[in-house]
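**Student:** Structure supplied as target.cif; contents: mmCIF, N, CA and C atoms and all ligand atoms.
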data_work
#
loop_
_atom_site.label_atom_id
_atom_site.label_comp_id
_atom_site.auth_asym_id
_atom_site.auth_seq_id
_atom_site.Cartn_x
_atom_site.Cartn_y
_atom_site.Cartn_z
N MET A 1 1.42 20.55 -4.66
CA MET A 1 1.75 19.33 -5.42
C MET A 1 0.47 18.62 -5.85
N ALA A 2 0.55 17.92 -6.92
CA ALA A 2 -0.62 17.23 -7.43
C ALA A 2 -0.82 15.90 -6.72
N LEU A 3 -2.07 15.55 -6.61
CA LEU A 3 -2.40 14.25 -6.03
C LEU A 3 -2.03 13.16 -7.05
N GLN A 4 -1.28 12.18 -6.57
CA GLN A 4 -0.90 11.08 -7.45
C GLN A 4 -1.62 9.81 -7.01
N LYS A 5 -2.05 9.03 -7.98
CA LYS A 5 -2.59 7.71 -7.70
C LYS A 5 -1.46 6.71 -7.83
N ILE A 6 -1.20 6.00 -6.73
CA ILE A 6 -0.08 5.07 -6.68
C ILE A 6 -0.62 3.64 -6.62
N THR A 7 0.02 2.75 -7.36
CA THR A 7 -0.31 1.33 -7.27
C THR A 7 0.95 0.56 -6.89
N LEU A 8 0.82 -0.30 -5.89
CA LEU A 8 1.93 -1.17 -5.51
C LEU A 8 1.54 -2.62 -5.77
N ASN A 9 2.50 -3.41 -6.20
CA ASN A 9 2.31 -4.86 -6.21
C ASN A 9 2.64 -5.36 -4.81
N VAL A 10 1.77 -6.21 -4.26
CA VAL A 10 2.02 -6.75 -2.92
C VAL A 10 1.97 -8.27 -2.99
N GLU A 11 3.11 -8.90 -2.72
CA GLU A 11 3.16 -10.37 -2.70
C GLU A 11 3.00 -10.87 -1.28
N GLY A 12 2.40 -12.05 -1.15
CA GLY A 12 2.33 -12.70 0.15
C GLY A 12 0.98 -12.59 0.83
N MET A 13 0.02 -11.92 0.18
CA MET A 13 -1.32 -11.83 0.79
C MET A 13 -2.13 -13.06 0.38
N SER A 14 -2.74 -13.71 1.39
CA SER A 14 -3.48 -14.93 1.07
C SER A 14 -4.93 -14.91 1.54
N CYS A 15 -5.33 -13.90 2.30
CA CYS A 15 -6.70 -13.87 2.79
C CYS A 15 -7.09 -12.45 3.19
N GLY A 16 -8.31 -12.32 3.67
CA GLY A 16 -8.82 -11.00 4.05
C GLY A 16 -8.07 -10.38 5.21
N HIS A 17 -7.50 -11.25 6.06
CA HIS A 17 -6.69 -10.72 7.16
C HIS A 17 -5.47 -9.99 6.60
N CYS A 18 -4.86 -10.59 5.60
CA CYS A 18 -3.66 -9.98 4.99
C CYS A 18 -4.01 -8.64 4.33
N THR A 19 -5.09 -8.61 3.56
CA THR A 19 -5.44 -7.36 2.90
C THR A 19 -5.78 -6.30 3.94
N GLY A 20 -6.40 -6.71 5.05
CA GLY A 20 -6.71 -5.78 6.12
C GLY A 20 -5.46 -5.21 6.77
N MET A 21 -4.46 -6.07 6.94
CA MET A 21 -3.19 -5.63 7.51
C MET A 21 -2.52 -4.59 6.61
N VAL A 22 -2.49 -4.90 5.31
CA VAL A 22 -1.85 -3.98 4.35
C VAL A 22 -2.64 -2.68 4.30
N GLN A 23 -3.96 -2.81 4.30
CA GLN A 23 -4.82 -1.62 4.27
C GLN A 23 -4.54 -0.71 5.46
N ARG A 24 -4.52 -1.30 6.67
CA ARG A 24 -4.30 -0.49 7.87
C ARG A 24 -2.89 0.10 7.90
N THR A 25 -1.93 -0.70 7.46
CA THR A 25 -0.55 -0.21 7.43
C THR A 25 -0.44 1.04 6.56
N LEU A 26 -1.09 1.01 5.41
CA LEU A 26 -1.03 2.17 4.51
C LEU A 26 -1.84 3.34 5.07
N GLU A 27 -2.99 3.04 5.66
CA GLU A 27 -3.83 4.12 6.19
C GLU A 27 -3.17 4.85 7.36
N GLU A 28 -2.25 4.17 8.05
CA GLU A 28 -1.59 4.80 9.19
C GLU A 28 -0.51 5.80 8.78
N ILE A 29 -0.18 5.84 7.51
CA ILE A 29 0.86 6.78 7.04
C ILE A 29 0.22 8.14 6.77
N ASP A 30 0.72 9.17 7.45
CA ASP A 30 0.22 10.53 7.23
C ASP A 30 0.47 10.94 5.79
N GLY A 31 -0.55 11.45 5.14
CA GLY A 31 -0.39 11.91 3.77
C GLY A 31 -0.85 10.91 2.74
N VAL A 32 -1.26 9.73 3.23
CA VAL A 32 -1.80 8.69 2.35
C VAL A 32 -3.32 8.66 2.51
N SER A 33 -4.04 8.62 1.39
CA SER A 33 -5.50 8.58 1.47
C SER A 33 -6.06 7.61 0.43
N ASN A 34 -7.35 7.34 0.58
CA ASN A 34 -8.06 6.48 -0.39
C ASN A 34 -7.37 5.15 -0.65
N VAL A 35 -7.05 4.44 0.43
CA VAL A 35 -6.36 3.16 0.29
C VAL A 35 -7.34 2.08 -0.13
N SER A 36 -6.95 1.29 -1.11
CA SER A 36 -7.72 0.07 -1.41
C SER A 36 -6.74 -1.05 -1.71
N VAL A 37 -7.08 -2.25 -1.25
CA VAL A 37 -6.19 -3.40 -1.42
C VAL A 37 -7.00 -4.52 -2.04
N ASP A 38 -6.47 -5.11 -3.09
CA ASP A 38 -7.19 -6.17 -3.79
C ASP A 38 -6.41 -7.48 -3.72
N LEU A 39 -7.05 -8.48 -3.15
CA LEU A 39 -6.40 -9.78 -2.96
C LEU A 39 -6.17 -10.49 -4.29
N ASP A 40 -7.14 -10.42 -5.20
CA ASP A 40 -7.06 -11.15 -6.46
C ASP A 40 -5.93 -10.63 -7.35
N THR A 41 -5.86 -9.31 -7.45
CA THR A 41 -4.83 -8.72 -8.34
C THR A 41 -3.51 -8.51 -7.60
N LYS A 42 -3.54 -8.71 -6.25
CA LYS A 42 -2.35 -8.50 -5.42
C LYS A 42 -1.80 -7.09 -5.58
N LYS A 43 -2.72 -6.13 -5.58
CA LYS A 43 -2.31 -4.74 -5.70
C LYS A 43 -2.90 -3.90 -4.57
N ALA A 44 -2.14 -2.91 -4.18
CA ALA A 44 -2.62 -1.91 -3.22
C ALA A 44 -2.56 -0.55 -3.91
N CYS A 45 -3.65 0.20 -3.81
CA CYS A 45 -3.71 1.52 -4.43
C CYS A 45 -3.93 2.57 -3.34
N PHE A 46 -3.33 3.71 -3.52
CA PHE A 46 -3.60 4.83 -2.62
C PHE A 46 -3.29 6.13 -3.34
N GLU A 47 -3.67 7.22 -2.69
CA GLU A 47 -3.38 8.54 -3.24
C GLU A 47 -2.48 9.30 -2.29
N THR A 48 -1.58 10.09 -2.85
CA THR A 48 -0.73 10.94 -2.03
C THR A 48 -0.26 12.13 -2.86
N GLU A 49 0.06 13.20 -2.17
CA GLU A 49 0.67 14.35 -2.85
C GLU A 49 2.18 14.34 -2.69
N THR A 50 2.69 13.38 -1.93
CA THR A 50 4.10 13.38 -1.55
C THR A 50 4.79 12.14 -2.13
N SER A 51 5.63 12.37 -3.14
CA SER A 51 6.27 11.25 -3.83
C SER A 51 7.11 10.38 -2.90
N SER A 52 7.74 11.02 -1.90
CA SER A 52 8.62 10.25 -1.02
C SER A 52 7.85 9.25 -0.18
N LEU A 53 6.53 9.43 -0.08
CA LEU A 53 5.74 8.48 0.71
C LEU A 53 5.59 7.13 0.00
N ILE A 54 5.90 7.10 -1.28
CA ILE A 54 5.82 5.83 -1.99
C ILE A 54 6.85 4.86 -1.41
N ASP A 55 8.08 5.35 -1.24
CA ASP A 55 9.12 4.50 -0.65
C ASP A 55 8.78 4.12 0.78
N LYS A 56 8.20 5.08 1.52
CA LYS A 56 7.81 4.78 2.90
C LYS A 56 6.73 3.71 2.93
N ALA A 57 5.78 3.81 2.02
CA ALA A 57 4.69 2.83 1.95
C ALA A 57 5.24 1.44 1.67
N ILE A 58 6.19 1.37 0.74
CA ILE A 58 6.80 0.08 0.41
C ILE A 58 7.51 -0.49 1.63
N LYS A 59 8.24 0.38 2.34
CA LYS A 59 8.99 -0.06 3.52
C LYS A 59 8.03 -0.55 4.61
N GLU A 60 6.97 0.22 4.86
CA GLU A 60 6.03 -0.15 5.93
C GLU A 60 5.32 -1.46 5.62
N VAL A 61 4.89 -1.64 4.38
CA VAL A 61 4.20 -2.88 4.00
C VAL A 61 5.17 -4.06 4.11
N THR A 62 6.42 -3.84 3.74
CA THR A 62 7.43 -4.90 3.83
C THR A 62 7.65 -5.26 5.29
N GLU A 63 7.71 -4.24 6.16
CA GLU A 63 7.91 -4.51 7.59
C GLU A 63 6.70 -5.22 8.20
N ALA A 64 5.53 -5.04 7.58
CA ALA A 64 4.33 -5.73 8.05
C ALA A 64 4.33 -7.21 7.62
N GLY A 65 5.30 -7.58 6.79
CA GLY A 65 5.45 -8.98 6.43
C GLY A 65 5.08 -9.35 5.01
N TYR A 66 4.88 -8.34 4.18
CA TYR A 66 4.52 -8.61 2.78
C TYR A 66 5.58 -7.99 1.89
N LYS A 67 5.59 -8.43 0.65
CA LYS A 67 6.62 -7.92 -0.26
C LYS A 67 5.99 -6.94 -1.22
N ALA A 68 6.30 -5.66 -1.02
CA ALA A 68 5.71 -4.62 -1.85
C ALA A 68 6.73 -4.06 -2.82
N SER A 69 6.24 -3.70 -4.01
CA SER A 69 7.11 -3.06 -4.99
C SER A 69 6.26 -2.13 -5.85
N SER A 70 6.92 -1.20 -6.50
CA SER A 70 6.19 -0.29 -7.38
C SER A 70 5.59 -1.06 -8.54
N ALA A 71 4.34 -0.78 -8.87
CA ALA A 71 3.69 -1.49 -9.97
C ALA A 71 4.00 -0.80 -11.28
CU CU A 101 -3.98 -13.76 5.29
#
Re-express the file's structure as structure tokens.
**Tutor:**
Amino acid sequence: MALQKITLNVEGMSCGHCTGMVQRTLEEIDGVSNVSVDLDTKKACFETETSSLIDKAIKEVTEAGYKASSA
């Protein structure tokens, strides 16, 4: 499968602690790589070869206390 670059909109981040939480949450998912989280644009980017991990990423970030959606 091809590597896909995924961008999520993440609402509710207000500081570096929040971006760190979202970053770690995404990095802990097997099959997710190259995570970056931007506070200003409220976006989280990562790479994966597995499309189903997009939904998992949204679920995990939401469970961490932020509101994630496909960008
Ligand atoms: Cu914060």
**Student:** Would you name the residues within 8 Å of ligand CU 101 (chain A), counting all atoms listed in the file, and put them as JSON, numbers by chain?
**Tutor:** {"A": [12, 13, 14, 15, 16, 17, 18, 19, 20, 21]}
**Student:** I'd like to know which residues of chain A are strand (DSSP E) (by DSSP, run on the backbone); could you write them as a PyMOL selection string?
**Tutor:** chain A and resi 4-11+32-38+43-48+67-70
**Student:** Could you find all residues in chain A that DSSP calls helix (DSSP H, G or I) from the backbone, and write them as a count of residues only?
**Tutor:** 24
**Student:** When distances are computed from only C-alpha atoms, which of A:Ser52, A:Asn9, A:Gln4, A:Ser70 shows the smallest separation from Asp40 of chain A?
**Tutor:**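 For Asp40 of chain A, the nearest of the given residues is A:Asn9.
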**Student:** Would you mind reading off the distance between atom N of Tyr66 of chain A and atom N of Val35 of chain A, one decimal, in Å?
**Tutor:** 17.9 Å
**Student:** From the list A:Val22, A:Ala71, A:Val37, A:Val61, which residue is nearest Thr7 of chain A when using all atoms listed in the file?
**Tutor:**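 Residue with the minimum atom-to-atom distance to Thr7 of chain A: A:Ala71.
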**Student:** Could you tell me how far atom CA of Gln23 of chain A lies from atom CA of Met1 of chain A, in Å and to one decimal?
**Tutor:**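 Atom-to-atom, atom CA of Gln23 of chain A to atom CA of Met1 of chain A, that is 24.0 Å.
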**Student:** So, counting only C-alpha atoms, which residue among A:Leu26, A:Asp38, A:Ala44, A:Gly31 is closest to Lys59 of chain A?
**Tutor:**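 Once distances to Lys59 of chain A are computed over only C-alpha atoms, the minimum belongs to A:Leu26.
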**Student:** Return the single residue from A:Lys42, A:Lys67, A:Thr48, A:Ile6 that is closest to Asp30 of chain A, with distances computed using only N, CA and C atoms.
**Tutor:**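 Comparing A:Lys42, A:Lys67, A:Thr48, A:Ile6 against Asp30 of chain A, the winner is A:Thr48.
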**Student:** Using atom CA of Glu27 of chain A and atom CA of Gly65 of chain A as the two end points, give the distance in Å to one decimal.
**Tutor:** 16.1 Å
**Student:** Find the residues around Ala68 of chain A up to 6.5 Å (all atoms listed in the file counted), leave out those fewer than 3 positions away in its own chain, and share them as a PyMOL selection string.
**Tutor:** chain A and resi 8-11+58+61-62
**Student:** My list of candidates is A:Thr25, A:Ser69, A:Ser51, A:Thr41. Which is closest to Lys5 of chain A when distances are computed with only C-alpha atoms?
**Tutor:**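 For Lys5 of chain A, the nearest of the given residues is A:Ser51.
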